[in-house]
$ cat final-v2.cif   # mmCIF, N, CA and C atoms
data_structure
loop_
_atom_site.label_atom_id
_atom_site.label_comp_id
_atom_site.auth_asym_id
_atom_site.auth_seq_id
_atom_site.Cartn_x
_atom_site.Cartn_y
_atom_site.Cartn_z
N MET A 1 -10.36 0.86 18.99
CA MET A 1 -9.80 1.81 19.92
C MET A 1 -9.93 1.26 21.33
N LEU A 2 -8.95 1.59 22.14
CA LEU A 2 -8.99 1.20 23.53
C LEU A 2 -9.48 2.39 24.35
N TYR A 3 -10.27 2.10 25.33
CA TYR A 3 -10.79 3.14 26.20
C TYR A 3 -10.24 2.93 27.61
N SER A 4 -9.85 4.00 28.23
CA SER A 4 -9.36 3.92 29.60
C SER A 4 -10.27 4.79 30.47
N TRP A 5 -10.94 4.16 31.41
CA TRP A 5 -11.85 4.89 32.28
C TRP A 5 -11.21 4.99 33.66
N ARG A 6 -10.59 6.10 33.91
CA ARG A 6 -9.94 6.32 35.21
C ARG A 6 -10.70 7.39 35.97
N HIS A 7 -11.16 7.02 37.09
CA HIS A 7 -11.81 7.97 38.00
C HIS A 7 -12.92 8.77 37.30
N HIS A 8 -13.66 8.12 36.47
CA HIS A 8 -14.81 8.72 35.78
C HIS A 8 -14.44 9.92 34.92
N ARG A 9 -13.26 9.92 34.38
CA ARG A 9 -12.84 10.98 33.46
C ARG A 9 -13.19 10.59 32.03
N ALA A 10 -13.02 11.53 31.15
CA ALA A 10 -13.25 11.25 29.73
C ALA A 10 -12.32 10.14 29.27
N PRO A 11 -12.74 9.35 28.30
CA PRO A 11 -11.90 8.24 27.83
C PRO A 11 -10.62 8.74 27.17
N VAL A 12 -9.57 7.96 27.31
CA VAL A 12 -8.30 8.24 26.66
C VAL A 12 -8.26 7.33 25.43
N PHE A 13 -8.13 7.91 24.27
CA PHE A 13 -8.11 7.13 23.03
C PHE A 13 -6.66 6.89 22.64
N GLN A 14 -6.40 5.67 22.23
CA GLN A 14 -5.07 5.31 21.81
C GLN A 14 -5.17 4.69 20.42
N LEU A 15 -4.51 5.30 19.45
CA LEU A 15 -4.54 4.80 18.09
C LEU A 15 -3.72 3.52 17.99
N MET A 16 -4.38 2.44 17.65
CA MET A 16 -3.70 1.16 17.55
C MET A 16 -3.55 0.70 16.10
N HIS A 17 -4.37 1.23 15.21
CA HIS A 17 -4.35 0.78 13.83
C HIS A 17 -4.49 1.96 12.88
N VAL A 18 -3.92 1.79 11.71
CA VAL A 18 -4.14 2.72 10.61
C VAL A 18 -4.66 1.89 9.44
N THR A 19 -5.45 2.51 8.59
CA THR A 19 -5.99 1.78 7.44
C THR A 19 -5.86 2.62 6.18
N GLY A 20 -5.90 1.95 5.08
CA GLY A 20 -5.93 2.61 3.78
C GLY A 20 -6.60 1.70 2.78
N ILE A 21 -7.30 2.28 1.84
CA ILE A 21 -7.98 1.51 0.80
C ILE A 21 -7.91 2.29 -0.50
N ASP A 22 -7.83 1.55 -1.61
CA ASP A 22 -7.81 2.22 -2.91
C ASP A 22 -8.37 1.28 -3.95
N ILE A 23 -9.00 1.86 -4.96
CA ILE A 23 -9.52 1.11 -6.10
C ILE A 23 -9.08 1.84 -7.36
N VAL A 24 -8.72 1.07 -8.37
CA VAL A 24 -8.26 1.66 -9.62
C VAL A 24 -8.87 0.88 -10.78
N GLU A 25 -9.17 1.58 -11.87
CA GLU A 25 -9.64 0.93 -13.09
C GLU A 25 -8.44 0.31 -13.79
N ILE A 26 -8.51 -0.96 -14.08
CA ILE A 26 -7.40 -1.65 -14.73
C ILE A 26 -7.13 -1.03 -16.10
N ASP A 27 -8.18 -0.64 -16.80
CA ASP A 27 -8.02 -0.01 -18.11
C ASP A 27 -7.24 1.29 -18.03
N ARG A 28 -7.37 2.01 -16.91
CA ARG A 28 -6.62 3.26 -16.72
C ARG A 28 -5.12 2.98 -16.66
N ILE A 29 -4.75 1.91 -15.98
CA ILE A 29 -3.34 1.53 -15.90
C ILE A 29 -2.85 1.11 -17.29
N GLN A 30 -3.68 0.36 -18.02
CA GLN A 30 -3.31 -0.05 -19.38
C GLN A 30 -3.09 1.17 -20.27
N ARG A 31 -3.97 2.15 -20.19
CA ARG A 31 -3.81 3.37 -21.00
C ARG A 31 -2.53 4.13 -20.62
N THR A 32 -2.23 4.15 -19.34
CA THR A 32 -1.01 4.83 -18.89
C THR A 32 0.23 4.11 -19.41
N ILE A 33 0.22 2.79 -19.36
CA ILE A 33 1.34 2.01 -19.90
C ILE A 33 1.46 2.22 -21.40
N ASP A 34 0.33 2.23 -22.10
CA ASP A 34 0.35 2.45 -23.55
C ASP A 34 0.95 3.81 -23.88
N ARG A 35 0.64 4.80 -23.07
CA ARG A 35 1.14 6.16 -23.34
C ARG A 35 2.58 6.37 -22.91
N TRP A 36 2.95 5.89 -21.71
CA TRP A 36 4.25 6.21 -21.13
C TRP A 36 5.23 5.03 -21.09
N GLY A 37 4.74 3.82 -21.24
CA GLY A 37 5.60 2.64 -21.32
C GLY A 37 6.53 2.48 -20.13
N ASP A 38 7.80 2.21 -20.44
CA ASP A 38 8.79 1.95 -19.39
C ASP A 38 9.01 3.15 -18.48
N ARG A 39 8.77 4.34 -18.98
CA ARG A 39 8.93 5.53 -18.14
C ARG A 39 8.00 5.45 -16.93
N PHE A 40 6.75 5.08 -17.16
CA PHE A 40 5.78 4.89 -16.07
C PHE A 40 6.17 3.69 -15.22
N LEU A 41 6.40 2.56 -15.85
CA LEU A 41 6.68 1.32 -15.12
C LEU A 41 7.89 1.47 -14.19
N ASN A 42 8.96 2.06 -14.68
CA ASN A 42 10.18 2.20 -13.88
C ASN A 42 10.07 3.28 -12.82
N ARG A 43 9.13 4.17 -12.98
CA ARG A 43 8.91 5.22 -11.97
C ARG A 43 8.10 4.68 -10.79
N VAL A 44 7.17 3.78 -11.07
CA VAL A 44 6.22 3.32 -10.06
C VAL A 44 6.64 2.01 -9.41
N TYR A 45 7.17 1.09 -10.17
CA TYR A 45 7.41 -0.28 -9.68
C TYR A 45 8.89 -0.59 -9.52
N THR A 46 9.19 -1.42 -8.53
CA THR A 46 10.57 -1.89 -8.34
C THR A 46 10.85 -2.99 -9.36
N ARG A 47 12.11 -3.29 -9.54
CA ARG A 47 12.49 -4.37 -10.47
C ARG A 47 11.84 -5.69 -10.05
N ALA A 48 11.83 -5.98 -8.75
CA ALA A 48 11.23 -7.23 -8.27
C ALA A 48 9.73 -7.28 -8.58
N GLU A 49 9.04 -6.16 -8.44
CA GLU A 49 7.61 -6.11 -8.77
C GLU A 49 7.38 -6.35 -10.26
N LEU A 50 8.19 -5.70 -11.08
CA LEU A 50 8.06 -5.88 -12.53
C LEU A 50 8.35 -7.32 -12.94
N ASP A 51 9.35 -7.93 -12.31
CA ASP A 51 9.67 -9.33 -12.60
C ASP A 51 8.51 -10.24 -12.21
N PHE A 52 7.90 -9.97 -11.06
CA PHE A 52 6.77 -10.80 -10.62
C PHE A 52 5.57 -10.64 -11.54
N CYS A 53 5.25 -9.41 -11.91
CA CYS A 53 4.04 -9.13 -12.71
C CYS A 53 4.19 -9.57 -14.16
N ARG A 54 5.40 -9.59 -14.70
CA ARG A 54 5.66 -10.02 -16.08
C ARG A 54 4.71 -9.36 -17.08
N GLY A 55 4.44 -8.07 -16.89
CA GLY A 55 3.61 -7.32 -17.83
C GLY A 55 2.11 -7.55 -17.70
N ARG A 56 1.68 -8.35 -16.75
CA ARG A 56 0.25 -8.59 -16.56
C ARG A 56 -0.38 -7.35 -15.93
N VAL A 57 -1.21 -6.68 -16.69
CA VAL A 57 -1.78 -5.40 -16.28
C VAL A 57 -2.62 -5.51 -15.01
N PRO A 58 -3.46 -6.54 -14.83
CA PRO A 58 -4.20 -6.63 -13.56
C PRO A 58 -3.28 -6.72 -12.34
N GLU A 59 -2.15 -7.42 -12.46
CA GLU A 59 -1.19 -7.51 -11.36
C GLU A 59 -0.53 -6.15 -11.09
N LEU A 60 -0.21 -5.44 -12.17
CA LEU A 60 0.37 -4.10 -12.01
C LEU A 60 -0.64 -3.15 -11.39
N ALA A 61 -1.90 -3.24 -11.85
CA ALA A 61 -2.95 -2.36 -11.33
C ALA A 61 -3.21 -2.60 -9.86
N VAL A 62 -3.25 -3.85 -9.44
CA VAL A 62 -3.54 -4.13 -8.03
C VAL A 62 -2.37 -3.68 -7.15
N ARG A 63 -1.15 -3.72 -7.65
CA ARG A 63 -0.02 -3.21 -6.89
C ARG A 63 -0.05 -1.68 -6.84
N PHE A 64 -0.51 -1.05 -7.90
CA PHE A 64 -0.69 0.40 -7.89
C PHE A 64 -1.68 0.77 -6.80
N ALA A 65 -2.82 0.09 -6.76
CA ALA A 65 -3.82 0.33 -5.71
C ALA A 65 -3.24 0.04 -4.34
N GLY A 66 -2.43 -1.00 -4.24
CA GLY A 66 -1.80 -1.34 -2.97
C GLY A 66 -0.86 -0.26 -2.47
N LYS A 67 -0.06 0.28 -3.38
CA LYS A 67 0.86 1.36 -3.00
C LYS A 67 0.07 2.58 -2.52
N GLU A 68 -1.00 2.91 -3.23
CA GLU A 68 -1.85 4.04 -2.83
C GLU A 68 -2.45 3.79 -1.45
N SER A 69 -2.92 2.58 -1.19
CA SER A 69 -3.54 2.29 0.10
C SER A 69 -2.52 2.39 1.23
N VAL A 70 -1.30 1.95 1.00
CA VAL A 70 -0.25 2.08 2.02
C VAL A 70 0.07 3.54 2.27
N MET A 71 0.17 4.33 1.21
CA MET A 71 0.45 5.76 1.38
C MET A 71 -0.65 6.44 2.18
N LYS A 72 -1.89 6.04 1.96
CA LYS A 72 -3.01 6.59 2.74
C LYS A 72 -2.90 6.17 4.21
N ALA A 73 -2.55 4.93 4.44
CA ALA A 73 -2.40 4.46 5.82
C ALA A 73 -1.29 5.21 6.54
N LEU A 74 -0.25 5.56 5.81
CA LEU A 74 0.87 6.31 6.40
C LEU A 74 0.55 7.80 6.52
N GLY A 75 -0.58 8.21 5.97
CA GLY A 75 -1.02 9.60 6.10
C GLY A 75 -0.25 10.58 5.25
N THR A 76 0.41 10.10 4.21
CA THR A 76 1.25 10.98 3.41
C THR A 76 0.70 11.23 2.01
N GLY A 77 -0.06 10.29 1.49
CA GLY A 77 -0.39 10.37 0.08
C GLY A 77 0.89 10.24 -0.72
N ARG A 78 0.83 10.65 -1.98
CA ARG A 78 2.00 10.51 -2.85
C ARG A 78 3.06 11.58 -2.60
N ARG A 79 2.76 12.57 -1.81
CA ARG A 79 3.72 13.66 -1.60
C ARG A 79 4.84 13.29 -0.64
N GLY A 80 4.54 12.49 0.37
CA GLY A 80 5.55 12.22 1.38
C GLY A 80 6.34 10.95 1.18
N VAL A 81 5.81 10.04 0.37
CA VAL A 81 6.44 8.75 0.15
C VAL A 81 6.45 8.50 -1.36
N SER A 82 7.58 8.05 -1.89
CA SER A 82 7.64 7.80 -3.33
C SER A 82 7.09 6.41 -3.65
N TRP A 83 6.77 6.21 -4.91
CA TRP A 83 6.19 4.94 -5.35
C TRP A 83 7.07 3.76 -4.97
N LYS A 84 8.36 3.90 -5.18
CA LYS A 84 9.27 2.78 -4.93
C LYS A 84 9.61 2.60 -3.45
N ASP A 85 9.17 3.54 -2.61
CA ASP A 85 9.34 3.37 -1.17
C ASP A 85 8.38 2.31 -0.64
N VAL A 86 7.38 1.96 -1.43
CA VAL A 86 6.41 0.92 -1.09
C VAL A 86 6.55 -0.19 -2.12
N GLU A 87 6.88 -1.37 -1.66
CA GLU A 87 7.06 -2.51 -2.55
C GLU A 87 6.12 -3.63 -2.11
N ILE A 88 5.40 -4.18 -3.07
CA ILE A 88 4.44 -5.24 -2.77
C ILE A 88 4.83 -6.50 -3.52
N LEU A 89 5.28 -7.48 -2.76
CA LEU A 89 5.70 -8.76 -3.32
C LEU A 89 4.86 -9.86 -2.68
N THR A 90 5.23 -11.10 -2.86
CA THR A 90 4.47 -12.20 -2.28
C THR A 90 5.40 -13.15 -1.54
N ASP A 91 4.80 -13.90 -0.61
CA ASP A 91 5.56 -14.95 0.06
C ASP A 91 5.48 -16.22 -0.78
N LYS A 92 5.98 -17.32 -0.26
CA LYS A 92 6.02 -18.58 -1.01
C LYS A 92 4.62 -19.09 -1.36
N ARG A 93 3.63 -18.71 -0.57
CA ARG A 93 2.25 -19.13 -0.85
C ARG A 93 1.50 -18.10 -1.67
N ARG A 94 2.21 -17.10 -2.17
CA ARG A 94 1.67 -16.01 -3.00
C ARG A 94 0.78 -15.04 -2.22
N ALA A 95 0.89 -15.03 -0.91
CA ALA A 95 0.20 -14.03 -0.11
C ALA A 95 0.97 -12.71 -0.24
N PRO A 96 0.28 -11.59 -0.41
CA PRO A 96 0.99 -10.31 -0.61
C PRO A 96 1.65 -9.83 0.68
N LEU A 97 2.83 -9.25 0.50
CA LEU A 97 3.60 -8.67 1.59
C LEU A 97 4.00 -7.26 1.22
N VAL A 98 4.03 -6.36 2.21
CA VAL A 98 4.45 -4.98 1.99
C VAL A 98 5.85 -4.80 2.57
N PHE A 99 6.73 -4.22 1.76
CA PHE A 99 8.06 -3.86 2.19
C PHE A 99 8.20 -2.36 2.04
N LEU A 100 8.64 -1.70 3.10
CA LEU A 100 8.83 -0.25 3.07
C LEU A 100 10.31 0.07 2.98
N HIS A 101 10.62 1.07 2.18
CA HIS A 101 11.99 1.52 1.99
C HIS A 101 12.03 3.04 2.17
N GLY A 102 13.19 3.58 2.39
CA GLY A 102 13.40 5.02 2.41
C GLY A 102 12.42 5.78 3.27
N ARG A 103 11.76 6.77 2.65
CA ARG A 103 10.83 7.63 3.38
C ARG A 103 9.61 6.87 3.89
N GLY A 104 9.21 5.81 3.21
CA GLY A 104 8.09 5.00 3.69
C GLY A 104 8.43 4.33 5.01
N ARG A 105 9.62 3.76 5.09
CA ARG A 105 10.06 3.12 6.33
C ARG A 105 10.22 4.15 7.44
N ALA A 106 10.79 5.30 7.11
CA ALA A 106 10.98 6.36 8.12
C ALA A 106 9.63 6.85 8.65
N ARG A 107 8.66 7.03 7.77
CA ARG A 107 7.33 7.48 8.20
C ARG A 107 6.66 6.45 9.11
N ALA A 108 6.75 5.18 8.74
CA ALA A 108 6.15 4.12 9.58
C ALA A 108 6.80 4.10 10.96
N ARG A 109 8.11 4.22 11.01
CA ARG A 109 8.81 4.24 12.31
C ARG A 109 8.35 5.43 13.15
N LYS A 110 8.22 6.59 12.51
CA LYS A 110 7.79 7.79 13.22
C LYS A 110 6.39 7.60 13.81
N MET A 111 5.54 6.88 13.09
CA MET A 111 4.17 6.63 13.55
C MET A 111 4.09 5.46 14.53
N GLY A 112 5.19 4.72 14.66
CA GLY A 112 5.18 3.55 15.53
C GLY A 112 4.55 2.33 14.88
N ILE A 113 4.40 2.36 13.57
CA ILE A 113 3.80 1.24 12.84
C ILE A 113 4.88 0.19 12.61
N THR A 114 4.63 -1.01 13.09
CA THR A 114 5.60 -2.10 12.94
C THR A 114 5.11 -3.20 12.02
N ASP A 115 3.80 -3.24 11.76
CA ASP A 115 3.24 -4.30 10.91
C ASP A 115 2.24 -3.71 9.93
N LEU A 116 2.28 -4.22 8.70
CA LEU A 116 1.29 -3.87 7.69
C LEU A 116 0.76 -5.16 7.08
N ALA A 117 -0.55 -5.30 7.06
CA ALA A 117 -1.20 -6.43 6.41
C ALA A 117 -2.00 -5.88 5.24
N ILE A 118 -1.84 -6.51 4.08
CA ILE A 118 -2.50 -6.00 2.88
C ILE A 118 -3.31 -7.10 2.21
N SER A 119 -4.42 -6.69 1.64
CA SER A 119 -5.26 -7.59 0.86
C SER A 119 -5.43 -6.98 -0.52
N LEU A 120 -5.23 -7.80 -1.55
CA LEU A 120 -5.33 -7.36 -2.94
C LEU A 120 -6.36 -8.20 -3.67
N SER A 121 -7.10 -7.56 -4.57
CA SER A 121 -8.07 -8.31 -5.37
C SER A 121 -8.33 -7.53 -6.66
N HIS A 122 -8.70 -8.26 -7.70
CA HIS A 122 -9.10 -7.58 -8.93
C HIS A 122 -10.14 -8.40 -9.67
N SER A 123 -10.95 -7.68 -10.41
CA SER A 123 -11.94 -8.28 -11.30
C SER A 123 -11.46 -7.99 -12.71
N ARG A 124 -12.33 -8.12 -13.67
CA ARG A 124 -11.96 -7.80 -15.04
C ARG A 124 -11.69 -6.30 -15.19
N ASP A 125 -12.43 -5.47 -14.45
CA ASP A 125 -12.37 -4.02 -14.64
C ASP A 125 -11.65 -3.25 -13.55
N PHE A 126 -11.66 -3.76 -12.32
CA PHE A 126 -11.16 -3.00 -11.19
C PHE A 126 -10.13 -3.79 -10.37
N ALA A 127 -9.21 -3.05 -9.76
CA ALA A 127 -8.26 -3.61 -8.82
C ALA A 127 -8.43 -2.85 -7.51
N VAL A 128 -8.46 -3.57 -6.41
CA VAL A 128 -8.68 -2.95 -5.11
C VAL A 128 -7.66 -3.47 -4.11
N ALA A 129 -7.27 -2.62 -3.20
CA ALA A 129 -6.33 -3.00 -2.15
C ALA A 129 -6.76 -2.36 -0.85
N SER A 130 -6.56 -3.10 0.22
CA SER A 130 -6.86 -2.61 1.57
C SER A 130 -5.69 -2.97 2.47
N VAL A 131 -5.29 -2.04 3.31
CA VAL A 131 -4.15 -2.28 4.20
C VAL A 131 -4.54 -1.86 5.62
N VAL A 132 -4.05 -2.63 6.59
CA VAL A 132 -4.19 -2.31 7.99
C VAL A 132 -2.81 -2.36 8.61
N GLY A 133 -2.48 -1.32 9.35
CA GLY A 133 -1.18 -1.27 10.00
C GLY A 133 -1.34 -1.12 11.49
N GLY A 134 -0.40 -1.63 12.23
CA GLY A 134 -0.47 -1.52 13.68
C GLY A 134 0.88 -1.72 14.31
N ARG A 135 0.85 -1.74 15.63
CA ARG A 135 2.05 -1.95 16.43
C ARG A 135 2.07 -3.38 16.93
N SER A 136 3.23 -4.00 16.89
CA SER A 136 3.29 -5.37 17.40
C SER A 136 3.58 -5.39 18.88
#

$ encode --input "final-v2.cif" --output "structure tokens"
Amino acid sequence: MLYSWRHHRAPVFQLMHVTGIDIVEIDRIQRTIDRWGDRFLNRVYTRAELDFCRGRVPELAVRFAGKESVMKALGTGRRGVSWKDVEILTDKRRAPLVFLHGRGRARARKMGITDLAISLSHSRDFAVASVVGGRS
């Protein structure tokens, strides 16, 4: 946070960053896929995400956590932004990138968020994602 001390008045706070974090059990995503199959996959993931993940459950789980973390950073949760409004792909070096579409993009613009940086990781049991957003 930036502080502005003018004439000994109370500080003026300016929000420069938003954050979101989420953790998910990989087995939970596997059970959901086992139960709902393509209905779940096509509801949550874009075609490009599904092509990248090629059915690898840890990759799907970490993107699920990533989408949740972005929704938290945008302050909407799942109610204001749909799953496919948040897309998590990679660059040529396989670093994760966030792409916002539809209501996700509109919400970020309304908040003045121009950049989102995301970190993804998973172990055998858990997938975790953390996102930081700010203005450029």

$ residues_around --input "final-v2.cif" --residues "Arg107 of chain A" --least-positions-apart "2" --cutoff "9 Å" --atoms "only C-alpha atoms" --output "ChimeraX atom specification"
/A:74-76,80-81,102-105,109-113

$ resolve_selection --input "final-v2.cif" --expression "the PyMOL selection byres ((chain A and resi 27-33) around 8)" --output "ChimeraX atom specification"
/A:24-26,34-41,57-58,60-61,124-127

$ select_by_dssp --input "final-v2.cif" --residues "segment 5-67 of chain A" --states "alpha helix (DSSP H)" --output "PyMOL selection string"
chain A and resi 26-36+38-44+47-53+57-67

$ write_last_selection --input "final-v2.cif" --atoms "N, CA and C atoms" --output "compact mmCIF listing (two decimals), in the coordinates of the input"
# COMPACT_ATOMS: atom_id res chain seq x y z
N ILE A 26 -8.51 -0.96 -14.08
CA ILE A 26 -7.40 -1.65 -14.73
C ILE A 26 -7.13 -1.03 -16.10
N ASP A 27 -8.18 -0.64 -16.80
CA ASP A 27 -8.02 -0.01 -18.11
C ASP A 27 -7.24 1.29 -18.03
N ARG A 28 -7.37 2.01 -16.91
CA ARG A 28 -6.62 3.26 -16.72
C ARG A 28 -5.12 2.98 -16.66
N ILE A 29 -4.75 1.91 -15.98
CA ILE A 29 -3.34 1.53 -15.90
C ILE A 29 -2.85 1.11 -17.29
N GLN A 30 -3.68 0.36 -18.02
CA GLN A 30 -3.31 -0.05 -19.38
C GLN A 30 -3.09 1.17 -20.27
N ARG A 31 -3.97 2.15 -20.19
CA ARG A 31 -3.81 3.37 -21.00
C ARG A 31 -2.53 4.13 -20.62
N THR A 32 -2.23 4.15 -19.34
CA THR A 32 -1.01 4.83 -18.89
C THR A 32 0.23 4.11 -19.41
N ILE A 33 0.22 2.79 -19.36
CA ILE A 33 1.34 2.01 -19.90
C ILE A 33 1.46 2.22 -21.40
N ASP A 34 0.33 2.23 -22.10
CA ASP A 34 0.35 2.45 -23.55
C ASP A 34 0.95 3.81 -23.88
N ARG A 35 0.64 4.80 -23.07
CA ARG A 35 1.14 6.16 -23.34
C ARG A 35 2.58 6.37 -22.91
N TRP A 36 2.95 5.89 -21.71
CA TRP A 36 4.25 6.21 -21.13
C TRP A 36 5.23 5.03 -21.09
N ASP A 38 7.80 2.21 -20.44
CA ASP A 38 8.79 1.95 -19.39
C ASP A 38 9.01 3.15 -18.48
N ARG A 39 8.77 4.34 -18.98
CA ARG A 39 8.93 5.53 -18.14
C ARG A 39 8.00 5.45 -16.93
N PHE A 40 6.75 5.08 -17.16
CA PHE A 40 5.78 4.89 -16.07
C PHE A 40 6.17 3.69 -15.22
N LEU A 41 6.40 2.56 -15.85
CA LEU A 41 6.68 1.32 -15.12
C LEU A 41 7.89 1.47 -14.19
N ASN A 42 8.96 2.06 -14.68
CA ASN A 42 10.18 2.20 -13.88
C ASN A 42 10.07 3.28 -12.82
N ARG A 43 9.13 4.17 -12.98
CA ARG A 43 8.91 5.22 -11.97
C ARG A 43 8.10 4.68 -10.79
N VAL A 44 7.17 3.78 -11.07
CA VAL A 44 6.22 3.32 -10.06
C VAL A 44 6.64 2.01 -9.41
N ARG A 47 12.11 -3.29 -9.54
CA ARG A 47 12.49 -4.37 -10.47
C ARG A 47 11.84 -5.69 -10.05
N ALA A 48 11.83 -5.98 -8.75
CA ALA A 48 11.23 -7.23 -8.27
C ALA A 48 9.73 -7.28 -8.58
N GLU A 49 9.04 -6.16 -8.44
CA GLU A 49 7.61 -6.11 -8.77
C GLU A 49 7.38 -6.35 -10.26
N LEU A 50 8.19 -5.70 -11.08
CA LEU A 50 8.06 -5.88 -12.53
C LEU A 50 8.35 -7.32 -12.94
N ASP A 51 9.35 -7.93 -12.31
CA ASP A 51 9.67 -9.33 -12.60
C ASP A 51 8.51 -10.24 -12.21
N PHE A 52 7.90 -9.97 -11.06
CA PHE A 52 6.77 -10.80 -10.62
C PHE A 52 5.57 -10.64 -11.54
N CYS A 53 5.25 -9.41 -11.91
CA CYS A 53 4.04 -9.13 -12.71
C CYS A 53 4.19 -9.57 -14.16
N VAL A 57 -1.21 -6.68 -16.69
CA VAL A 57 -1.78 -5.40 -16.28
C VAL A 57 -2.62 -5.51 -15.01
N PRO A 58 -3.46 -6.54 -14.83
CA PRO A 58 -4.20 -6.63 -13.56
C PRO A 58 -3.28 -6.72 -12.34
N GLU A 59 -2.15 -7.42 -12.46
CA GLU A 59 -1.19 -7.51 -11.36
C GLU A 59 -0.53 -6.15 -11.09
N LEU A 60 -0.21 -5.44 -12.17
CA LEU A 60 0.37 -4.10 -12.01
C LEU A 60 -0.64 -3.15 -11.39
N ALA A 61 -1.90 -3.24 -11.85
CA ALA A 61 -2.95 -2.36 -11.33
C ALA A 61 -3.21 -2.60 -9.86
N VAL A 62 -3.25 -3.85 -9.44
CA VAL A 62 -3.54 -4.13 -8.03
C VAL A 62 -2.37 -3.68 -7.15
N ARG A 63 -1.15 -3.72 -7.65
CA ARG A 63 -0.02 -3.21 -6.89
C ARG A 63 -0.05 -1.68 -6.84
N PHE A 64 -0.51 -1.05 -7.90
CA PHE A 64 -0.69 0.40 -7.89
C PHE A 64 -1.68 0.77 -6.80
N ALA A 65 -2.82 0.09 -6.76
CA ALA A 65 -3.82 0.33 -5.71
C ALA A 65 -3.24 0.04 -4.34
N GLY A 66 -2.43 -1.00 -4.24
CA GLY A 66 -1.80 -1.34 -2.97
C GLY A 66 -0.86 -0.26 -2.47
N LYS A 67 -0.06 0.28 -3.38
CA LYS A 67 0.86 1.36 -3.00
C LYS A 67 0.07 2.58 -2.52

$ closest_residue --input "final-v2.cif" --among "A:Tyr45, A:Ser69, A:Gly55, A:Thr19" --to "Ala129 of chain A" --atoms "only C-alpha atoms"
A:Ser69

$ closest_residue --input "final-v2.cif" --among "A:Asp85, A:Arg135, A:Val128, A:Arg94" --to "Thr114 of chain A" --atoms "only C-alpha atoms"
A:Arg135

$ atom_distance --input "final-v2.cif" --atom1 "atom CA of Cys53 of chain A" --atom2 "atom CA of Ala106 of chain A"
26.9 Å

$ atom_distance --input "final-v2.cif" --atom1 "atom CA of Gly20 of chain A" --atom2 "atom C of Gly133 of chain A"
9.7 Å

$ atom_distance --input "final-v2.cif" --atom1 "atom CA of Ile21 of chain A" --atom2 "atom CA of Lys72 of chain A"
7.4 Å

$ closest_residue --input "final-v2.cif" --among "A:Phe52, A:Ser123, A:Val131, A:Gly66" --to "Thr90 of chain A" --atoms "all atoms listed in the file"
A:Phe52

$ select_by_dssp --input "final-v2.cif" --residues "segment 7-122 of chain A" --states "strand (DSSP E)" --output "MDAnalysis selection string"
chainID A and resid 17:25 86:90 96:100 115:122

$ closest_residue --input "final-v2.cif" --among "A:Arg93, A:Val86, A:His101, A:His122" --to "Met71 of chain A" --atoms "only N, CA and C atoms"
A:Val86
